[in-house]
file query38.txt (compact mmCIF, C-alpha atoms)
# COMPACT_ATOMS: atom_id res chain seq x y z
CA MET K 1 18.92 -7.46 26.25
CA ILE K 2 17.01 -4.49 27.66
CA ALA K 3 17.04 -2.85 24.23
CA ALA K 4 15.74 -6.05 22.62
CA ALA K 5 12.89 -6.20 25.15
CA VAL K 6 11.99 -2.55 24.53
CA LEU K 7 12.01 -3.09 20.78
CA ALA K 8 9.89 -6.23 21.08
CA GLY K 9 7.37 -4.24 23.12
CA TYR K 10 7.38 -1.48 20.53
CA ALA K 11 6.81 -4.02 17.72
CA THR K 12 3.92 -5.50 19.72
CA VAL K 13 2.26 -2.10 20.04
CA VAL K 14 2.72 -1.34 16.34
CA GLY K 15 1.71 -4.81 15.19
CA TRP K 16 -1.30 -5.34 17.46
CA ALA K 17 -2.61 -2.12 19.07
CA ALA K 18 -1.90 0.59 16.48
CA PRO K 19 -3.80 -0.99 13.54
CA ALA K 20 -7.02 -1.26 15.54
CA ALA K 21 -6.82 2.42 16.47
CA LEU K 22 -6.00 3.57 12.93
CA ALA K 23 -8.71 1.38 11.35
CA ARG K 24 -11.29 3.12 13.57
CA ALA K 25 -10.01 6.64 12.82
CA ARG K 26 -12.83 8.72 11.35
CA TRP K 27 -10.45 11.15 9.69
CA ALA K 28 -8.97 8.46 7.40
CA HIS K 29 -11.80 8.63 4.88
CA ARG K 30 -11.52 12.41 4.77
CA SER K 31 -7.83 12.24 3.88
CA PRO K 32 -7.12 8.83 2.34
CA LYS K 33 -3.66 9.79 1.10
CA ALA K 34 -2.51 10.72 4.60
CA ALA K 35 -4.01 7.51 5.97
CA LEU K 36 -2.20 5.47 3.32
CA ALA K 37 1.09 7.13 4.25
CA LEU K 38 0.52 6.25 7.90
CA TRP K 39 -0.26 2.60 7.14
CA ARG K 40 2.95 2.31 5.12
CA ALA K 41 4.90 4.00 7.92
CA LEU K 42 3.55 1.52 10.47
CA MET K 43 4.58 -1.43 8.31
CA LEU K 44 8.06 -0.01 7.81
CA SER K 45 8.39 0.83 11.50
CA PHE K 46 7.40 -2.73 12.43
CA VAL K 47 10.02 -4.24 10.11
CA ILE K 48 12.72 -1.88 11.42
CA ALA K 49 11.80 -2.77 15.00
CA LEU K 50 12.14 -6.48 14.18
CA ALA K 51 15.48 -5.88 12.46
CA LEU K 52 16.86 -3.96 15.43
CA THR K 53 15.51 -6.57 17.85
CA ALA K 54 17.41 -9.24 15.92
CA TYR K 55 20.51 -7.06 16.03
CA HIS K 56 20.36 -6.53 19.79
CA LEU K 57 19.79 -10.24 20.40
CA THR K 58 22.83 -11.26 18.36
CA ARG K 59 25.35 -8.43 18.83
CA THR K 60 28.49 -9.02 20.84
CA GLY K 61 29.01 -5.75 22.63
CA GLN K 62 28.80 -3.17 19.84
CA HIS K 63 25.96 -0.67 19.91
CA LEU K 64 24.31 0.41 16.68
CA HIS K 65 24.23 4.21 16.44
CA GLY K 66 22.71 4.53 13.00
CA LEU K 67 24.29 3.90 9.61
CA LEU K 68 27.33 6.00 10.48
CA GLY K 69 27.85 3.80 13.52
CA VAL K 70 27.78 0.66 11.39
CA LEU K 71 30.32 2.15 9.00
CA ASP K 72 32.47 3.26 11.92
CA VAL K 73 32.46 -0.23 13.41
CA TRP K 74 33.20 -1.78 10.04
CA LEU K 75 35.85 0.63 8.84
CA GLY K 76 37.52 1.72 12.05
CA GLY K 77 37.47 4.34 14.79
CA THR K 78 36.05 2.28 17.66
CA GLY K 79 39.32 1.29 19.27
CA THR K 80 38.83 -2.40 18.42
CA PRO K 81 41.64 -4.22 16.66
CA ALA K 82 41.38 -4.21 12.91
CA THR K 83 40.97 -7.98 12.69
CA GLU K 84 38.08 -7.91 15.17
CA ARG K 85 36.44 -5.03 13.31
CA ALA K 86 36.68 -6.89 10.01
CA ALA K 87 34.93 -9.90 11.51
CA GLU K 88 32.39 -7.95 13.57
CA GLY K 89 31.34 -5.31 11.04
CA PRO K 90 29.61 -7.52 8.44
CA GLY K 91 28.13 -9.59 11.26
CA LEU K 92 26.32 -6.53 12.58
CA LEU K 93 24.46 -6.21 9.29
CA VAL K 94 23.39 -9.85 8.96
CA PRO K 95 20.38 -9.88 11.35
CA ILE K 96 19.18 -6.53 10.01
CA ALA K 97 19.52 -7.68 6.41
CA LEU K 98 17.68 -10.94 7.07
CA ALA K 99 14.78 -9.22 8.86
CA ALA K 100 14.42 -6.72 6.01
CA ALA K 101 14.84 -9.30 3.24
CA TRP K 102 11.92 -11.46 4.43
CA PRO K 103 9.07 -9.01 3.63
CA LEU K 104 10.94 -7.69 0.58
CA ALA K 105 11.14 -11.22 -0.82
CA TRP K 106 7.40 -11.68 -0.40
CA PHE K 107 6.75 -8.30 -2.04
CA GLY K 108 8.83 -9.41 -5.03
CA ALA K 109 7.03 -12.75 -5.20
CA VAL K 110 3.62 -11.05 -5.22
CA LEU K 111 4.75 -8.68 -7.97
CA VAL K 112 6.00 -11.56 -10.14
CA ARG K 113 2.84 -13.60 -9.61
CA SER K 114 0.54 -10.65 -10.32
CA ARG K 115 2.44 -9.73 -13.45
CA SER K 116 2.13 -13.29 -14.71
CA HIS K 117 -1.65 -13.24 -14.16
CA ARG K 118 -1.99 -9.89 -15.90
CA ARG K 119 0.07 -11.08 -18.86
CA ARG K 120 -2.27 -14.04 -19.36
CA HIS K 121 -5.32 -11.83 -19.07
CA LEU K 122 -3.89 -9.33 -21.57
CA ALA K 123 -3.43 -12.17 -24.04
CA LEU K 124 -7.13 -13.03 -23.66
CA LEU K 125 -8.10 -9.39 -24.09
CA ASP K 126 -6.18 -9.22 -27.34
CA LEU K 127 -8.25 -12.14 -28.59
CA ALA K 128 -11.69 -11.34 -27.19
CA GLY K 129 -11.73 -7.56 -26.78
CA ARG K 130 -12.11 -4.78 -29.29
CA PRO K 131 -10.21 -1.51 -28.90
CA GLU K 132 -12.26 1.64 -28.47
CA PRO K 133 -9.85 4.46 -29.43
CA ARG K 134 -12.36 7.17 -28.54
CA LEU K 135 -12.42 5.98 -24.93
CA HIS K 136 -8.83 4.71 -24.81
CA ALA K 137 -10.25 1.43 -23.53
CA VAL K 138 -10.89 -2.18 -24.52
CA VAL K 139 -14.49 -3.39 -24.76
CA LEU K 140 -15.60 -6.95 -24.01
CA GLU K 141 -18.94 -8.20 -25.26
CA HIS K 142 -20.89 -8.97 -22.11
CA ASP K 143 -24.29 -7.81 -20.88
CA THR K 144 -23.25 -7.33 -17.24
CA PRO K 145 -21.84 -3.83 -16.58
CA ALA K 146 -18.25 -4.02 -15.38
CA ALA K 147 -15.20 -1.78 -15.51
CA TYR K 148 -11.64 -2.39 -14.40
CA CYS K 149 -8.04 -1.66 -15.29
CA LEU K 150 -4.95 -3.81 -15.71
CA PRO K 151 -1.75 -1.99 -14.68
CA GLY K 152 1.73 -2.74 -15.90
CA PRO K 153 3.94 -2.01 -18.92
CA GLN K 154 0.87 -2.25 -21.20
CA PRO K 155 -1.93 -0.78 -19.08
CA ARG K 156 -5.53 -1.30 -20.14
CA VAL K 157 -8.89 0.10 -19.10
CA VAL K 158 -11.50 -2.58 -19.75
CA LEU K 159 -15.25 -2.06 -20.11
CA THR K 160 -18.04 -4.46 -21.00
CA SER K 161 -20.61 -3.65 -23.65
CA GLY K 162 -23.16 -3.73 -20.84
CA THR K 163 -21.33 -0.80 -19.24
CA LEU K 164 -21.58 1.26 -22.41
CA ALA K 165 -25.31 0.49 -22.65
CA ALA K 166 -26.08 1.21 -18.98
CA LEU K 167 -24.11 4.41 -18.31
CA THR K 168 -24.78 7.95 -19.40
CA PRO K 169 -21.87 9.91 -20.92
CA ASP K 170 -21.21 11.64 -17.58
CA GLN K 171 -21.25 8.36 -15.69
CA LEU K 172 -18.97 6.71 -18.23
CA HIS K 173 -16.53 9.60 -17.93
CA ALA K 174 -16.54 9.18 -14.13
CA VAL K 175 -15.75 5.47 -14.39
CA LEU K 176 -12.95 6.05 -16.90
CA GLU K 177 -11.36 8.73 -14.73
CA HIS K 178 -11.54 6.45 -11.70
CA GLU K 179 -9.72 3.67 -13.54
CA ARG K 180 -7.14 6.03 -15.03
CA ALA K 181 -6.39 7.30 -11.53
CA HIS K 182 -5.49 3.75 -10.50
CA LEU K 183 -3.11 3.48 -13.45
CA ARG K 184 -1.47 6.90 -12.99
CA GLY K 185 -1.02 6.35 -9.27
CA ARG K 186 0.46 2.84 -9.74
CA HIS K 187 -1.92 1.64 -7.07
CA HIS K 188 -1.10 -1.99 -7.87
CA LEU K 189 2.30 -1.47 -6.24
CA SER K 190 0.68 -0.38 -2.97
CA LEU K 191 -1.60 -3.42 -3.08
CA ALA K 192 1.35 -5.71 -3.78
CA LEU K 193 3.25 -4.16 -0.88
CA THR K 194 0.49 -4.86 1.63
CA GLU K 195 -0.16 -8.31 0.17
CA GLY K 196 3.53 -9.18 0.48
CA PHE K 197 3.58 -7.86 4.06
CA ALA K 198 0.51 -9.96 4.91
CA ARG K 199 2.13 -13.09 3.48
CA ALA K 200 5.38 -12.38 5.31
CA PHE K 201 3.58 -11.97 8.66
CA PRO K 202 0.40 -14.09 8.50
CA GLY K 203 -1.90 -13.59 11.45
CA LEU K 204 -0.41 -10.22 12.38
CA PRO K 205 -3.25 -7.70 12.94
CA LEU K 206 -1.22 -4.93 11.30
CA ALA K 207 -0.79 -7.04 8.17
CA ARG K 208 -4.48 -7.92 7.90
CA ALA K 209 -5.68 -4.39 8.57
CA ALA K 210 -3.14 -2.76 6.25
CA ARG K 211 -4.17 -5.02 3.36
CA THR K 212 -7.89 -4.31 3.82
CA GLN K 213 -7.57 -0.62 4.59
CA THR K 214 -5.13 0.04 1.74
CA ALA K 215 -7.53 -1.47 -0.79
CA ASP K 216 -10.40 0.69 0.52
CA LEU K 217 -8.34 3.87 0.71
CA LEU K 218 -6.94 3.48 -2.80
CA GLU K 219 -10.49 3.31 -4.15
CA MET K 220 -11.26 6.55 -2.32
CA VAL K 221 -8.14 8.18 -3.76
CA ALA K 222 -9.31 7.18 -7.24
CA ASP K 223 -12.79 8.52 -6.46
CA ASP K 224 -11.31 11.86 -5.39
CA HIS K 225 -9.38 12.07 -8.65
CA ALA K 226 -12.52 11.36 -10.68
CA LEU K 227 -14.43 14.05 -8.77
CA ARG K 228 -12.11 16.68 -10.22
CA SER K 229 -13.97 16.36 -13.53
CA CYS K 230 -17.35 14.83 -12.63
CA THR K 231 -20.11 15.23 -10.07
CA PRO K 232 -20.54 13.00 -7.00
CA LYS K 233 -23.97 12.02 -8.31
CA ALA K 234 -22.57 10.79 -11.64
CA LEU K 235 -19.80 8.79 -9.96
CA ALA K 236 -22.16 7.29 -7.37
CA ALA K 237 -24.64 6.21 -10.05
CA ALA K 238 -21.87 4.68 -12.14
CA MET K 239 -20.49 2.79 -9.14
CA CYS K 240 -23.92 1.28 -8.47
CA GLU K 241 -24.20 0.12 -12.08
CA VAL K 242 -20.84 -1.64 -12.22
CA ALA K 243 -20.78 -2.89 -8.61
CA ALA K 244 -21.92 -6.42 -9.47
CA GLY K 245 -19.51 -6.95 -12.36
CA GLY K 246 -16.82 -9.57 -11.86
CA VAL K 247 -13.19 -8.60 -12.44
CA PRO K 248 -9.86 -10.48 -12.56
CA GLN K 249 -8.02 -11.00 -9.28
CA THR K 250 -5.15 -8.67 -10.18
CA ALA K 251 -7.33 -5.88 -11.63
CA LEU K 252 -8.53 -2.68 -9.97
CA ALA K 253 -12.24 -2.02 -10.39
CA ALA K 254 -14.60 0.92 -9.96
CA GLY K 255 -17.11 -1.36 -8.25
CA GLY K 256 -16.30 -4.00 -5.67
CA PRO K 257 -17.06 -4.68 -2.00
CA THR K 258 -16.37 -1.11 -0.84
CA VAL K 259 -19.16 0.48 -2.89
CA LEU K 260 -21.53 1.11 0.04
CA LEU K 261 -18.80 2.77 2.09
CA ARG K 262 -17.74 4.94 -0.85
CA LEU K 263 -21.32 5.86 -1.71
CA LYS K 264 -21.84 7.18 1.81
CA ARG K 265 -18.62 9.16 1.49
CA LEU K 266 -19.69 10.62 -1.88
CA LEU K 267 -23.27 11.48 -0.99
CA ARG K 268 -22.56 12.75 2.54
CA PRO K 269 -19.25 14.58 2.15
CA ARG K 270 -17.62 15.88 5.34
CA GLY K 271 -14.82 17.85 3.72
CA GLY K 272 -11.11 17.25 3.91
CA LEU K 273 -8.85 17.59 6.92
CA HIS K 274 -7.47 20.94 7.96
CA PRO K 275 -4.07 21.49 6.28
CA ALA K 276 -2.38 21.65 9.68
CA ALA K 277 -3.82 18.29 10.69
CA ARG K 278 -2.87 16.72 7.38
CA THR K 279 0.67 18.08 7.70
CA ALA K 280 0.95 16.70 11.23
CA LEU K 281 -0.13 13.25 10.04
CA LEU K 282 2.38 13.28 7.21
CA LEU K 283 5.16 14.31 9.61
CA LEU K 284 4.14 11.46 11.90
CA ALA K 285 4.34 9.07 8.94
CA LEU K 286 7.84 10.35 8.15
CA CYS K 287 9.04 10.02 11.74
CA ALA K 288 7.45 6.65 12.61
CA PRO K 289 10.09 4.47 10.87
CA ALA K 290 12.84 6.17 12.91
CA LEU K 291 11.14 5.63 16.29
CA PRO K 292 12.47 2.07 16.87
CA TYR K 293 16.02 3.38 16.67
CA PHE K 294 15.50 6.41 18.88
CA VAL K 295 13.75 4.50 21.66
CA THR K 296 16.77 2.23 22.10
CA CYS K 297 19.84 4.27 21.12
CA GLY K 298 20.36 5.79 24.58
CA PRO K 299 23.48 4.79 26.53
CA THR K 300 21.45 3.14 29.29
CA LEU K 301 19.81 0.55 27.05
CA GLY K 302 22.83 -1.71 26.50
call {"tool": "encode", "arguments": {"input": "query38.txt", "output": "structure tokens"}}
result
Amino acid sequence: MIAAAVLAGYATVVGWAAPAALARARWAHRSPKAALALWRALMLSFVIALALTAYHLTRTGQHLHGLLGVLDVWLGGTGTPATERAAEGPGLLVPIALAAAWPLAWFGAVLVRSRSHRRRHLALLDLAGRPEPRLHAVVLEHDTPAAYCLPGPQPRVVLTSGTLAALTPDQLHAVLEHERAHLRGRHHLSLALTEGFARAFPGLPLARAARTQTADLLEMVADDHALRSCTPKALAAAMCEVAAGGVPQTALAAGGPTVLLRLKRLLRPRGGLHPAARTALLLLALCAPALPYFVTCGPTLG
């Protein structure tokens, strides 16, 4: 019971206190990839803490010392009779499996729903849009500038005719590179992951913050990719032009509600993090999921 209480406290810190601190971190916009890794690590660490809490609340005397310990309990070597081990071993995995399956099920549901929406939108694009082979994009006849991409097995970059009329060649190149970065990076999977986590744990501060922050950080990652072949001025001007354009719910757009934040980042660059700091953050992201186990695996926390 002590271990369950410690794990519940750890989950409370990760689920309520940690997201507020990370959302305020000034370094996150300087290294969005590292920040994304840390958000994912916090979500995984929270789920693992819940799974181990469920284990400690339901176990009947066995202590879980990692995967090898589970296999040892299940297959032998603990001194328990074989019949007891056969009954106890699978039971040890049930609470862990259930706690992990809940957010995974929501992630799968979000993926299926999003794919269905994209499939319907692709069918409309095939009817209403015209391919533009030179740009590797589909153009819709509409005066309002807008640009977005639809990920999936048949990815599309979509532009309106208003976008082509409003943007200079450099600005158009910046928008296209931004959208292609979303497609290459499979950013829709990261969005689906945080959306599924938010639906699995509604009201949890970590879930709300991770969903919002992931969307913002992915746009910054795409901006950084576009800046490899365009100027900040061209990208900023293009973002302003397409900011008001409406896009489908499951699409990723160059404009959107984060434009002001990204414009400030583009026009007042502060430089990236020091490599040592970025490495330390990535190591923290790698270690965070293992922390729930290590804080309760000692012999005194039975």
call {"tool": "residues_around", "arguments": {"input": "query38.txt", "residues": "segment 241-255 of chain K", "least_positions_apart": "6", "cutoff": "8 Å", "atoms": "all atoms listed in the file", "output": "CSV table (one decimal) with C-alpha atoms, in the coordinates of the input"}}
result
chain,number,residue,atom,x,y,z
K,114,SER,CA,0.5,-10.6,-10.3
K,117,HIS,CA,-1.6,-13.2,-14.2
K,118,ARG,CA,-2.0,-9.9,-15.9
K,144,THR,CA,-23.2,-7.3,-17.2
K,145,PRO,CA,-21.8,-3.8,-16.6
K,146,ALA,CA,-18.2,-4.0,-15.4
K,147,ALA,CA,-15.2,-1.8,-15.5
K,148,TYR,CA,-11.6,-2.4,-14.4
K,149,CYS,CA,-8.0,-1.7,-15.3
K,150,LEU,CA,-5.0,-3.8,-15.7
K,151,PRO,CA,-1.8,-2.0,-14.7
K,163,THR,CA,-21.3,-0.8,-19.2
K,166,ALA,CA,-26.1,1.2,-19.0
K,167,LEU,CA,-24.1,4.4,-18.3
K,175,VAL,CA,-15.8,5.5,-14.4
K,178,HIS,CA,-11.5,6.4,-11.7
K,179,GLU,CA,-9.7,3.7,-13.5
K,182,HIS,CA,-5.5,3.8,-10.5
K,188,HIS,CA,-1.1,-2.0,-7.9
K,219,GLU,CA,-10.5,3.3,-4.2
call {"tool": "atom_distance", "arguments": {"input": "query38.txt", "atom1": "atom CA of Leu235 of chain K", "atom2": "atom CA of Ser190 of chain K"}}
result
23.5 Å
call {"tool": "residues_around", "arguments": {"input": "query38.txt", "residues": "Val14 of chain K", "least_positions_apart": "6", "cutoff": "8 Å", "atoms": "all atoms listed in the file", "output": "PDB file with C-alpha atoms, in the coordinates of the input"}}
result
ATOM      1  CA  LEU K  42       3.550   1.520  10.470  1.00  0.00           C
ATOM      2  CA  SER K  45       8.390   0.830  11.500  1.00  0.00           C
ATOM      3  CA  PHE K  46       7.400  -2.730  12.430  1.00  0.00           C
ATOM      4  CA  LEU K 206      -1.220  -4.930  11.300  1.00  0.00           C
TER       5      LEU K 206
END
call {"tool": "closest_residue", "arguments": {"input": "query38.txt", "among": "K:Leu52, K:Ala226, K:Ala234, K:Leu44", "to": "Val295 of chain K", "atoms": "all atoms listed in the file"}}
result
K:Leu52
call {"tool": "atom_distance", "arguments": {"input": "query38.txt", "atom1": "atom CA of Leu140 of chain K", "atom2": "atom CA of Thr160 of chain K"}}
result
4.6 Å
call {"tool": "atom_distance", "arguments": {"input": "query38.txt", "atom1": "atom CA of Leu159 of chain K", "atom2": "atom CA of Val139 of chain K"}}
result
4.9 Å
call {"tool": "closest_atom_pairs", "arguments": {"input": "query38.txt", "of": "segment 111-219 of chain K", "to": "segment 96-106 of chain K", "cutoff": "10 Å", "atoms": "only C-alpha atoms", "output": "tab-separated table"}}
result
residue	atom	partner	partner_atom	distance
K:Leu111	CA	K:Trp106	CA	8.6
K:Val112	CA	K:Trp106	CA	9.8
K:Ala192	CA	K:Trp106	CA	9.1
K:Leu193	CA	K:Leu104	CA	8.6
K:Thr194	CA	K:Pro103	CA	9.7
K:Glu195	CA	K:Trp106	CA	8.3
K:Gly196	CA	K:Trp106	CA	4.7
K:Phe197	CA	K:Pro103	CA	5.6
K:Ala198	CA	K:Pro103	CA	8.7
K:Arg199	CA	K:Trp106	CA	6.7
K:Ala200	CA	K:Pro103	CA	5.3
K:Phe201	CA	K:Pro103	CA	8.0
call {"tool": "write_last_selection", "arguments": {"input": "query38.txt", "atoms": "C-alpha atoms", "output": "compact mmCIF listing (two decimals), in the frame of the given file"}}
result
# COMPACT_ATOMS: atom_id res chain seq x y z
CA LEU K 111 4.75 -8.68 -7.97
CA VAL K 112 6.00 -11.56 -10.14
CA ALA K 192 1.35 -5.71 -3.78
CA LEU K 193 3.25 -4.16 -0.88
CA THR K 194 0.49 -4.86 1.63
CA GLU K 195 -0.16 -8.31 0.17
CA GLY K 196 3.53 -9.18 0.48
CA PHE K 197 3.58 -7.86 4.06
CA ALA K 198 0.51 -9.96 4.91
CA ARG K 199 2.13 -13.09 3.48
CA ALA K 200 5.38 -12.38 5.31
CA PHE K 201 3.58 -11.97 8.66
call {"tool": "closest_residue", "arguments": {"input": "query38.txt", "among": "K:Leu164, K:Gly15, K:Leu22, K:Pro257", "to": "Leu50 of chain K", "atoms": "all atoms listed in the file"}}
result
K:Gly15
call {"tool": "closest_atom_pairs", "arguments": {"input": "query38.txt", "of": "segment 161-263 of chain K", "to": "segment 268-284 of chain K", "cutoff": "12 Å", "atoms": "all atoms listed in the file", "output": "tab-separated table"}}
result
residue	atom	partner	partner_atom	distance
K:Asp224	CA	K:Gly272	CA	10.8
K:Leu227	CA	K:Pro269	CA	11.9
K:Pro232	CA	K:Pro269	CA	9.4
K:Lys233	CA	K:Arg268	CA	11.0
K:Ala236	CA	K:Arg268	CA	11.3
K:Leu260	CA	K:Arg268	CA	11.9
K:Leu261	CA	K:Arg268	CA	10.7
K:Arg262	CA	K:Arg268	CA	9.8
K:Leu263	CA	K:Arg268	CA	8.2
call {"tool": "closest_residue", "arguments": {"input": "query38.txt", "among": "K:His225, K:Arg184, K:Arg120, K:Arg211", "to": "Trp39 of chain K", "atoms": "all atoms listed in the file"}}
result
K:Arg211
call {"tool": "closest_residue", "arguments": {"input": "query38.txt", "among": "K:Ala18, K:Val259, K:Ala8, K:Met239", "to": "Asp216 of chain K", "atoms": "all atoms listed in the file"}}
result
K:Val259
call {"tool": "closest_residue", "arguments": {"input": "query38.txt", "among": "K:Arg156, K:Arg113, K:Arg228, K:Arg265", "to": "Gly129 of chain K", "atoms": "only C-alpha atoms"}}
result
K:Arg156
call {"tool": "closest_residue", "arguments": {"input": "query38.txt", "among": "K:Leu135, K:Ala210, K:Leu124, K:Leu266", "to": "Met43 of chain K", "atoms": "only C-alpha atoms"}}
result
K:Ala210
call {"tool": "decode", "arguments": {"input": "query38.txt", "residues": "segment 215-240 of chain K", "atoms": "N, CA and C atoms", "output": "PDB file, in the first residue's frame"}}
result
ATOM      1  N   ALA K 215       0.350  20.967 -30.378  1.00  0.00           N
ATOM      2  CA  ALA K 215      -0.078  21.629 -31.612  1.00  0.00           C
ATOM      3  C   ALA K 215       0.797  22.840 -31.907  1.00  0.00           C
ATOM      4  N   ASP K 216       1.078  23.654 -30.888  1.00  0.00           N
ATOM      5  CA  ASP K 216       1.918  24.846 -31.096  1.00  0.00           C
ATOM      6  C   ASP K 216       3.343  24.460 -31.481  1.00  0.00           C
ATOM      7  N   LEU K 217       3.903  23.486 -30.778  1.00  0.00           N
ATOM      8  CA  LEU K 217       5.295  23.111 -31.013  1.00  0.00           C
ATOM      9  C   LEU K 217       5.491  22.459 -32.379  1.00  0.00           C
ATOM     10  N   LEU K 218       4.507  21.693 -32.830  1.00  0.00           N
ATOM     11  CA  LEU K 218       4.615  21.085 -34.159  1.00  0.00           C
ATOM     12  C   LEU K 218       4.637  22.146 -35.257  1.00  0.00           C
ATOM     13  N   GLU K 219       3.874  23.219 -35.070  1.00  0.00           N
ATOM     14  CA  GLU K 219       3.922  24.317 -36.036  1.00  0.00           C
ATOM     15  C   GLU K 219       5.312  24.957 -36.051  1.00  0.00           C
ATOM     16  N   MET K 220       5.924  25.078 -34.891  1.00  0.00           N
ATOM     17  CA  MET K 220       7.267  25.651 -34.821  1.00  0.00           C
ATOM     18  C   MET K 220       8.295  24.724 -35.463  1.00  0.00           C
ATOM     19  N   VAL K 221       8.127  23.417 -35.281  1.00  0.00           N
ATOM     20  CA  VAL K 221       9.018  22.460 -35.939  1.00  0.00           C
ATOM     21  C   VAL K 221       8.912  22.601 -37.451  1.00  0.00           C
ATOM     22  N   ALA K 222       7.683  22.735 -37.959  1.00  0.00           N
ATOM     23  CA  ALA K 222       7.489  22.911 -39.398  1.00  0.00           C
ATOM     24  C   ALA K 222       8.071  24.241 -39.872  1.00  0.00           C
ATOM     25  N   ASP K 223       7.937  25.285 -39.061  1.00  0.00           N
ATOM     26  CA  ASP K 223       8.552  26.569 -39.397  1.00  0.00           C
ATOM     27  C   ASP K 223      10.066  26.433 -39.513  1.00  0.00           C
ATOM     28  N   ASP K 224      10.674  25.744 -38.556  1.00  0.00           N
ATOM     29  CA  ASP K 224      12.128  25.573 -38.568  1.00  0.00           C
ATOM     30  C   ASP K 224      12.582  24.826 -39.814  1.00  0.00           C
ATOM     31  N   HIS K 225      11.790  23.841 -40.226  1.00  0.00           N
ATOM     32  CA  HIS K 225      12.134  23.119 -41.458  1.00  0.00           C
ATOM     33  C   HIS K 225      12.054  24.049 -42.664  1.00  0.00           C
ATOM     34  N   ALA K 226      11.010  24.869 -42.729  1.00  0.00           N
ATOM     35  CA  ALA K 226      10.865  25.785 -43.860  1.00  0.00           C
ATOM     36  C   ALA K 226      12.007  26.806 -43.907  1.00  0.00           C
ATOM     37  N   LEU K 227      12.502  27.204 -42.736  1.00  0.00           N
ATOM     38  CA  LEU K 227      13.565  28.212 -42.683  1.00  0.00           C
ATOM     39  C   LEU K 227      14.893  27.703 -43.237  1.00  0.00           C
ATOM     40  N   ARG K 228      14.997  26.406 -43.466  1.00  0.00           N
ATOM     41  CA  ARG K 228      16.216  25.886 -44.084  1.00  0.00           C
ATOM     42  C   ARG K 228      16.365  26.354 -45.523  1.00  0.00           C
ATOM     43  N   SER K 229      15.242  26.710 -46.158  1.00  0.00           N
ATOM     44  CA  SER K 229      15.309  27.093 -47.573  1.00  0.00           C
ATOM     45  C   SER K 229      14.567  28.389 -47.864  1.00  0.00           C
ATOM     46  N   CYS K 230      14.212  29.151 -46.819  1.00  0.00           N
ATOM     47  CA  CYS K 230      13.561  30.447 -47.045  1.00  0.00           C
ATOM     48  C   CYS K 230      13.964  31.391 -45.922  1.00  0.00           C
ATOM     49  N   THR K 231      13.648  32.649 -46.069  1.00  0.00           N
ATOM     50  CA  THR K 231      13.991  33.646 -45.060  1.00  0.00           C
ATOM     51  C   THR K 231      12.865  33.777 -44.036  1.00  0.00           C
ATOM     52  N   PRO K 232      13.192  34.190 -42.809  1.00  0.00           N
ATOM     53  CA  PRO K 232      12.129  34.429 -41.822  1.00  0.00           C
ATOM     54  C   PRO K 232      11.103  35.448 -42.297  1.00  0.00           C
ATOM     55  N   LYS K 233      11.565  36.456 -43.035  1.00  0.00           N
ATOM     56  CA  LYS K 233      10.648  37.488 -43.527  1.00  0.00           C
ATOM     57  C   LYS K 233       9.627  36.898 -44.495  1.00  0.00           C
ATOM     58  N   ALA K 234      10.081  36.033 -45.409  1.00  0.00           N
ATOM     59  CA  ALA K 234       9.167  35.429 -46.383  1.00  0.00           C
ATOM     60  C   ALA K 234       8.149  34.531 -45.680  1.00  0.00           C
ATOM     61  N   LEU K 235       8.596  33.737 -44.713  1.00  0.00           N
ATOM     62  CA  LEU K 235       7.684  32.847 -44.004  1.00  0.00           C
ATOM     63  C   LEU K 235       6.697  33.646 -43.166  1.00  0.00           C
ATOM     64  N   ALA K 236       7.164  34.692 -42.496  1.00  0.00           N
ATOM     65  CA  ALA K 236       6.279  35.504 -41.665  1.00  0.00           C
ATOM     66  C   ALA K 236       5.210  36.182 -42.512  1.00  0.00           C
ATOM     67  N   ALA K 237       5.604  36.727 -43.661  1.00  0.00           N
ATOM     68  CA  ALA K 237       4.628  37.382 -44.536  1.00  0.00           C
ATOM     69  C   ALA K 237       3.600  36.380 -45.058  1.00  0.00           C
ATOM     70  N   ALA K 238       4.064  35.197 -45.414  1.00  0.00           N
ATOM     71  CA  ALA K 238       3.147  34.167 -45.910  1.00  0.00           C
ATOM     72  C   ALA K 238       2.172  33.732 -44.821  1.00  0.00           C
ATOM     73  N   MET K 239       2.655  33.590 -43.592  1.00  0.00           N
ATOM     74  CA  MET K 239       1.786  33.205 -42.490  1.00  0.00           C
ATOM     75  C   MET K 239       0.687  34.230 -42.277  1.00  0.00           C
ATOM     76  N   CYS K 240       1.031  35.513 -42.377  1.00  0.00           N
ATOM     77  CA  CYS K 240       0.028  36.568 -42.201  1.00  0.00           C
ATOM     78  C   CYS K 240      -1.036  36.497 -43.289  1.00  0.00           C
TER      79      CYS K 240
END
